[in-house]
Amino acid sequence: MTSGEAEVSAAQEKPARLIGGPGLLLVWFYGVMVVGAVSRSAYQIATEFDRAPLAYSLSAVAGLVYGFITYSLVRGGETARRAAQVCCAAELAGVLVVGTWTLLDRDAFPDSTVWSDYGMGYVFIPVLLPLTALFWLRRTRARRAA
């Protein structure tokens, strides 16, 4: 194997980056959401879990989803891109289900979650972020295929 072939082989093995351009902004937003959701839910679970166990547990799940998406975006590669797409779709479904649930049954949520009212407490970032990420992930796949 010549040195040129070795460089080509190494380049083929390196995962394609997902955080170039707008992808870097997505990683930043998801990182902020990880810190916000995990720290909020950890505090609430530790101090007042009996008050709203469903809400606090859902916030913790949201934080874990955000963390996995952040990791996938940073890791890069086709497998990570697909995993991030699945998680972003699940995140969007969660935001829509929980957001609708909190509007229809306020008694089920004595305290809000990250996804309550479609993320109104977080300036609607929880509903906009997965839409943006899904668009970005689809665009990165289309660019690589071209």
# chains A, B, ... in the order shown; residues from 1 in each chain; ligands from 1
>>> residues_around(residues="range 38-49 of chain A", least_positions_apart="4", cutoff="9 Å", atoms="only C-alpha atoms", output="ChimeraX atom specification")
/A:33-34,53-64,113
>>> residues_around(residues="Thr79 in chain A", least_positions_apart="5", cutoff="12 Å", atoms="only C-alpha atoms", output="MDAnalysis selection string")
chainID A and resid 15:18 72:73 84:86 137 141
>>> write_last_selection(atoms="all heavy atoms", output="mmCIF file, in the first residue's frame")
data_model
loop_
_atom_site.group_PDB
_atom_site.id
_atom_site.type_symbol
_atom_site.label_atom_id
_atom_site.label_comp_id
_atom_site.auth_asym_id
_atom_site.auth_seq_id
_atom_site.Cartn_x
_atom_site.Cartn_y
_atom_site.Cartn_z
ATOM 1 N N PRO A 15 -15.201 9.328 10.284
ATOM 2 C CA PRO A 15 -16.610 9.656 10.115
ATOM 3 C C PRO A 15 -16.802 11.060 9.545
ATOM 4 O O PRO A 15 -16.063 11.986 9.884
ATOM 5 C CB PRO A 15 -17.177 9.591 11.537
ATOM 6 C CG PRO A 15 -16.166 8.884 12.357
ATOM 7 C CD PRO A 15 -14.853 9.061 11.666
ATOM 8 N N ALA A 16 -17.784 11.195 8.679
ATOM 9 C CA ALA A 16 -18.103 12.502 8.110
ATOM 10 C C ALA A 16 -18.621 13.415 9.212
ATOM 11 O O ALA A 16 -19.409 13.001 10.055
ATOM 12 C CB ALA A 16 -19.142 12.349 7.008
ATOM 13 N N ARG A 17 -18.175 14.645 9.203
ATOM 14 C CA ARG A 17 -18.566 15.610 10.227
ATOM 15 C C ARG A 17 -20.010 16.052 10.042
ATOM 16 O O ARG A 17 -20.460 16.275 8.935
ATOM 17 C CB ARG A 17 -17.649 16.818 10.192
ATOM 18 C CG ARG A 17 -16.252 16.518 10.685
ATOM 19 C CD ARG A 17 -15.335 17.712 10.605
ATOM 20 N NE ARG A 17 -15.900 18.929 11.107
ATOM 21 C CZ ARG A 17 -15.722 19.407 12.341
ATOM 22 N NH1 ARG A 17 -15.000 18.727 13.190
ATOM 23 N NH2 ARG A 17 -16.258 20.545 12.713
ATOM 24 N N LEU A 18 -20.699 16.189 11.148
ATOM 25 C CA LEU A 18 -22.071 16.682 11.133
ATOM 26 C C LEU A 18 -22.169 18.064 11.752
ATOM 27 O O LEU A 18 -23.231 18.650 11.774
ATOM 28 C CB LEU A 18 -22.985 15.724 11.915
ATOM 29 C CG LEU A 18 -23.115 14.318 11.354
ATOM 30 C CD1 LEU A 18 -23.896 13.443 12.325
ATOM 31 C CD2 LEU A 18 -23.787 14.348 10.003
ATOM 32 N N SER A 72 -24.217 12.264 19.279
ATOM 33 C CA SER A 72 -24.274 11.761 17.896
ATOM 34 C C SER A 72 -23.793 12.807 16.901
ATOM 35 O O SER A 72 -23.073 12.492 15.956
ATOM 36 C CB SER A 72 -25.703 11.336 17.546
ATOM 37 O OG SER A 72 -26.096 10.248 18.347
ATOM 38 N N LEU A 73 -24.201 14.059 17.106
ATOM 39 C CA LEU A 73 -23.772 15.122 16.195
ATOM 40 C C LEU A 73 -22.264 15.322 16.250
ATOM 41 O O LEU A 73 -21.613 15.496 15.223
ATOM 42 C CB LEU A 73 -24.494 16.436 16.522
ATOM 43 C CG LEU A 73 -25.990 16.478 16.217
ATOM 44 C CD1 LEU A 73 -26.603 17.744 16.796
ATOM 45 C CD2 LEU A 73 -26.248 16.385 14.727
ATOM 46 N N ALA A 84 -29.080 10.026 15.331
ATOM 47 C CA ALA A 84 -29.543 11.369 15.685
ATOM 48 C C ALA A 84 -30.898 11.658 15.041
ATOM 49 O O ALA A 84 -31.770 12.262 15.671
ATOM 50 C CB ALA A 84 -28.515 12.417 15.259
ATOM 51 N N GLN A 85 -31.086 11.215 13.801
ATOM 52 C CA GLN A 85 -32.376 11.415 13.133
ATOM 53 C C GLN A 85 -33.501 10.715 13.891
ATOM 54 O O GLN A 85 -34.562 11.300 14.096
ATOM 55 C CB GLN A 85 -32.336 10.875 11.700
ATOM 56 C CG GLN A 85 -32.014 11.919 10.677
ATOM 57 C CD GLN A 85 -32.164 11.380 9.263
ATOM 58 O OE1 GLN A 85 -31.716 10.273 8.958
ATOM 59 N NE2 GLN A 85 -32.764 12.167 8.409
ATOM 60 N N VAL A 86 -33.273 9.484 14.294
ATOM 61 C CA VAL A 86 -34.287 8.734 15.043
ATOM 62 C C VAL A 86 -34.594 9.439 16.360
ATOM 63 O O VAL A 86 -35.755 9.612 16.739
ATOM 64 C CB VAL A 86 -33.824 7.277 15.277
ATOM 65 C CG1 VAL A 86 -34.724 6.561 16.272
ATOM 66 C CG2 VAL A 86 -33.775 6.521 13.962
ATOM 67 N N LEU A 137 -29.896 17.273 9.323
ATOM 68 C CA LEU A 137 -29.422 15.900 9.141
ATOM 69 C C LEU A 137 -29.823 15.355 7.772
ATOM 70 O O LEU A 137 -29.067 14.635 7.139
ATOM 71 C CB LEU A 137 -29.949 15.000 10.260
ATOM 72 C CG LEU A 137 -29.346 15.286 11.633
ATOM 73 C CD1 LEU A 137 -30.156 14.613 12.730
ATOM 74 C CD2 LEU A 137 -27.890 14.880 11.688
ATOM 75 N N ARG A 141 -27.082 14.383 4.624
ATOM 76 C CA ARG A 141 -27.123 13.116 3.897
ATOM 77 C C ARG A 141 -27.245 13.370 2.390
ATOM 78 O O ARG A 141 -26.569 12.752 1.598
ATOM 79 C CB ARG A 141 -28.291 12.255 4.360
ATOM 80 C CG ARG A 141 -28.256 10.885 3.672
ATOM 81 C CD ARG A 141 -29.468 10.073 3.969
ATOM 82 N NE ARG A 141 -30.523 10.535 3.078
ATOM 83 C CZ ARG A 141 -31.803 10.419 3.314
ATOM 84 N NH1 ARG A 141 -32.232 9.895 4.416
ATOM 85 N NH2 ARG A 141 -32.683 10.833 2.448
#
>>> select_by_dssp(residues="chain A", states="helix (DSSP H, G or I)", output="ChimeraX atom specification")
/A:3-13,22-48,53-75,78-104,106-108,116-122,125-145
>>> closest_residue(among="A:Cys87, A:Leu104, A:Ile69, A:Val95", to="Ile125 in chain A", atoms="only C-alpha atoms")
A:Val95
>>> atom_distance(atom1="CA of Val114 in chain A", atom2="CA of Val74 in chain A")
22.9 Å
>>> closest_residue(among="A:Gly31, A:Gly20, A:Cys88, A:Arg51", to="Gly67 in chain A", atoms="only C-alpha atoms")
A:Gly31
>>> closest_residue(among="A:Ala93, A:Val35, A:Val98, A:Ala108", to="Leu131 in chain A", atoms="only C-alpha atoms")
A:Ala93
>>> closest_residue(among="A:Arg81, A:Phe29, A:Ser116, A:Val65", to="Trp136 in chain A", atoms="only C-alpha atoms")
A:Arg81
>>> closest_residue(among="A:Arg106, A:Gly94, A:Thr140, A:Glu78", to="Tyr118 in chain A", atoms="only C-alpha atoms")
A:Gly94
>>> atom_distance(atom1="CA of Trp115 in chain A", atom2="CA of Leu26 in chain A")
17.9 Å
>>> atom_distance(atom1="CA of Met120 in chain A", atom2="CA of Glu91 in chain A")
15.4 Å
>>> decode(residues="range 88-99 of chain A", atoms="all heavy atoms", output="PDB file, in the first residue's frame")
ATOM      1  N   CYS A  88     -34.114  12.627  17.110  1.00  0.00           N
ATOM      2  CA  CYS A  88     -34.775  13.910  16.855  1.00  0.00           C
ATOM      3  C   CYS A  88     -36.256  13.707  16.532  1.00  0.00           C
ATOM      4  O   CYS A  88     -37.107  14.480  16.971  1.00  0.00           O
ATOM      5  CB  CYS A  88     -34.092  14.668  15.718  1.00  0.00           C
ATOM      6  SG  CYS A  88     -32.508  15.369  16.170  1.00  0.00           S
ATOM      7  N   ALA A  89     -36.569  12.653  15.795  1.00  0.00           N
ATOM      8  CA  ALA A  89     -37.970  12.338  15.494  1.00  0.00           C
ATOM      9  C   ALA A  89     -38.708  11.958  16.783  1.00  0.00           C
ATOM     10  O   ALA A  89     -39.842  12.400  17.008  1.00  0.00           O
ATOM     11  CB  ALA A  89     -38.053  11.218  14.466  1.00  0.00           C
ATOM     12  N   ALA A  90     -38.056  11.165  17.639  1.00  0.00           N
ATOM     13  CA  ALA A  90     -38.652  10.794  18.924  1.00  0.00           C
ATOM     14  C   ALA A  90     -38.818  12.028  19.808  1.00  0.00           C
ATOM     15  O   ALA A  90     -39.838  12.182  20.500  1.00  0.00           O
ATOM     16  CB  ALA A  90     -37.795   9.752  19.624  1.00  0.00           C
ATOM     17  N   GLU A  91     -37.827  12.906  19.785  1.00  0.00           N
ATOM     18  CA  GLU A  91     -37.903  14.148  20.551  1.00  0.00           C
ATOM     19  C   GLU A  91     -39.082  14.988  20.078  1.00  0.00           C
ATOM     20  O   GLU A  91     -39.870  15.496  20.892  1.00  0.00           O
ATOM     21  CB  GLU A  91     -36.601  14.934  20.399  1.00  0.00           C
ATOM     22  CG  GLU A  91     -36.639  16.310  21.013  1.00  0.00           C
ATOM     23  CD  GLU A  91     -35.500  17.200  20.550  1.00  0.00           C
ATOM     24  OE1 GLU A  91     -34.645  16.763  19.745  1.00  0.00           O
ATOM     25  OE2 GLU A  91     -35.471  18.355  20.989  1.00  0.00           O
ATOM     26  N   LEU A  92     -39.232  15.150  18.779  1.00  0.00           N
ATOM     27  CA  LEU A  92     -40.343  15.932  18.234  1.00  0.00           C
ATOM     28  C   LEU A  92     -41.679  15.310  18.626  1.00  0.00           C
ATOM     29  O   LEU A  92     -42.603  16.013  19.039  1.00  0.00           O
ATOM     30  CB  LEU A  92     -40.225  16.046  16.714  1.00  0.00           C
ATOM     31  CG  LEU A  92     -41.311  16.861  16.015  1.00  0.00           C
ATOM     32  CD1 LEU A  92     -41.363  18.284  16.550  1.00  0.00           C
ATOM     33  CD2 LEU A  92     -41.081  16.855  14.514  1.00  0.00           C
ATOM     34  N   ALA A  93     -41.779  13.984  18.525  1.00  0.00           N
ATOM     35  CA  ALA A  93     -43.009  13.304  18.937  1.00  0.00           C
ATOM     36  C   ALA A  93     -43.281  13.545  20.425  1.00  0.00           C
ATOM     37  O   ALA A  93     -44.424  13.819  20.820  1.00  0.00           O
ATOM     38  CB  ALA A  93     -42.907  11.808  18.643  1.00  0.00           C
ATOM     39  N   GLY A  94     -42.240  13.476  21.241  1.00  0.00           N
ATOM     40  CA  GLY A  94     -42.395  13.728  22.672  1.00  0.00           C
ATOM     41  C   GLY A  94     -42.865  15.134  22.962  1.00  0.00           C
ATOM     42  O   GLY A  94     -43.758  15.353  23.788  1.00  0.00           O
ATOM     43  N   VAL A  95     -42.291  16.107  22.291  1.00  0.00           N
ATOM     44  CA  VAL A  95     -42.691  17.496  22.487  1.00  0.00           C
ATOM     45  C   VAL A  95     -44.157  17.683  22.096  1.00  0.00           C
ATOM     46  O   VAL A  95     -44.921  18.343  22.807  1.00  0.00           O
ATOM     47  CB  VAL A  95     -41.793  18.454  21.669  1.00  0.00           C
ATOM     48  CG1 VAL A  95     -42.334  19.871  21.705  1.00  0.00           C
ATOM     49  CG2 VAL A  95     -40.363  18.444  22.185  1.00  0.00           C
ATOM     50  N   LEU A  96     -44.549  17.102  20.980  1.00  0.00           N
ATOM     51  CA  LEU A  96     -45.929  17.255  20.520  1.00  0.00           C
ATOM     52  C   LEU A  96     -46.919  16.539  21.439  1.00  0.00           C
ATOM     53  O   LEU A  96     -47.970  17.090  21.779  1.00  0.00           O
ATOM     54  CB  LEU A  96     -46.068  16.766  19.079  1.00  0.00           C
ATOM     55  CG  LEU A  96     -45.275  17.570  18.041  1.00  0.00           C
ATOM     56  CD1 LEU A  96     -45.388  16.930  16.656  1.00  0.00           C
ATOM     57  CD2 LEU A  96     -45.719  19.021  18.008  1.00  0.00           C
ATOM     58  N   VAL A  97     -46.579  15.323  21.879  1.00  0.00           N
ATOM     59  CA  VAL A  97     -47.470  14.572  22.769  1.00  0.00           C
ATOM     60  C   VAL A  97     -47.560  15.248  24.134  1.00  0.00           C
ATOM     61  O   VAL A  97     -48.656  15.517  24.639  1.00  0.00           O
ATOM     62  CB  VAL A  97     -46.999  13.106  22.904  1.00  0.00           C
ATOM     63  CG1 VAL A  97     -47.718  12.402  24.039  1.00  0.00           C
ATOM     64  CG2 VAL A  97     -47.215  12.365  21.598  1.00  0.00           C
ATOM     65  N   VAL A  98     -46.416  15.527  24.741  1.00  0.00           N
ATOM     66  CA  VAL A  98     -46.417  16.146  26.069  1.00  0.00           C
ATOM     67  C   VAL A  98     -46.994  17.564  26.000  1.00  0.00           C
ATOM     68  O   VAL A  98     -47.767  17.962  26.874  1.00  0.00           O
ATOM     69  CB  VAL A  98     -44.998  16.143  26.686  1.00  0.00           C
ATOM     70  CG1 VAL A  98     -44.949  16.951  27.976  1.00  0.00           C
ATOM     71  CG2 VAL A  98     -44.541  14.717  26.943  1.00  0.00           C
ATOM     72  N   GLY A  99     -46.644  18.311  24.964  1.00  0.00           N
ATOM     73  CA  GLY A  99     -47.193  19.654  24.817  1.00  0.00           C
ATOM     74  C   GLY A  99     -48.706  19.657  24.732  1.00  0.00           C
ATOM     75  O   GLY A  99     -49.388  20.452  25.383  1.00  0.00           O
TER      76      GLY A  99
END
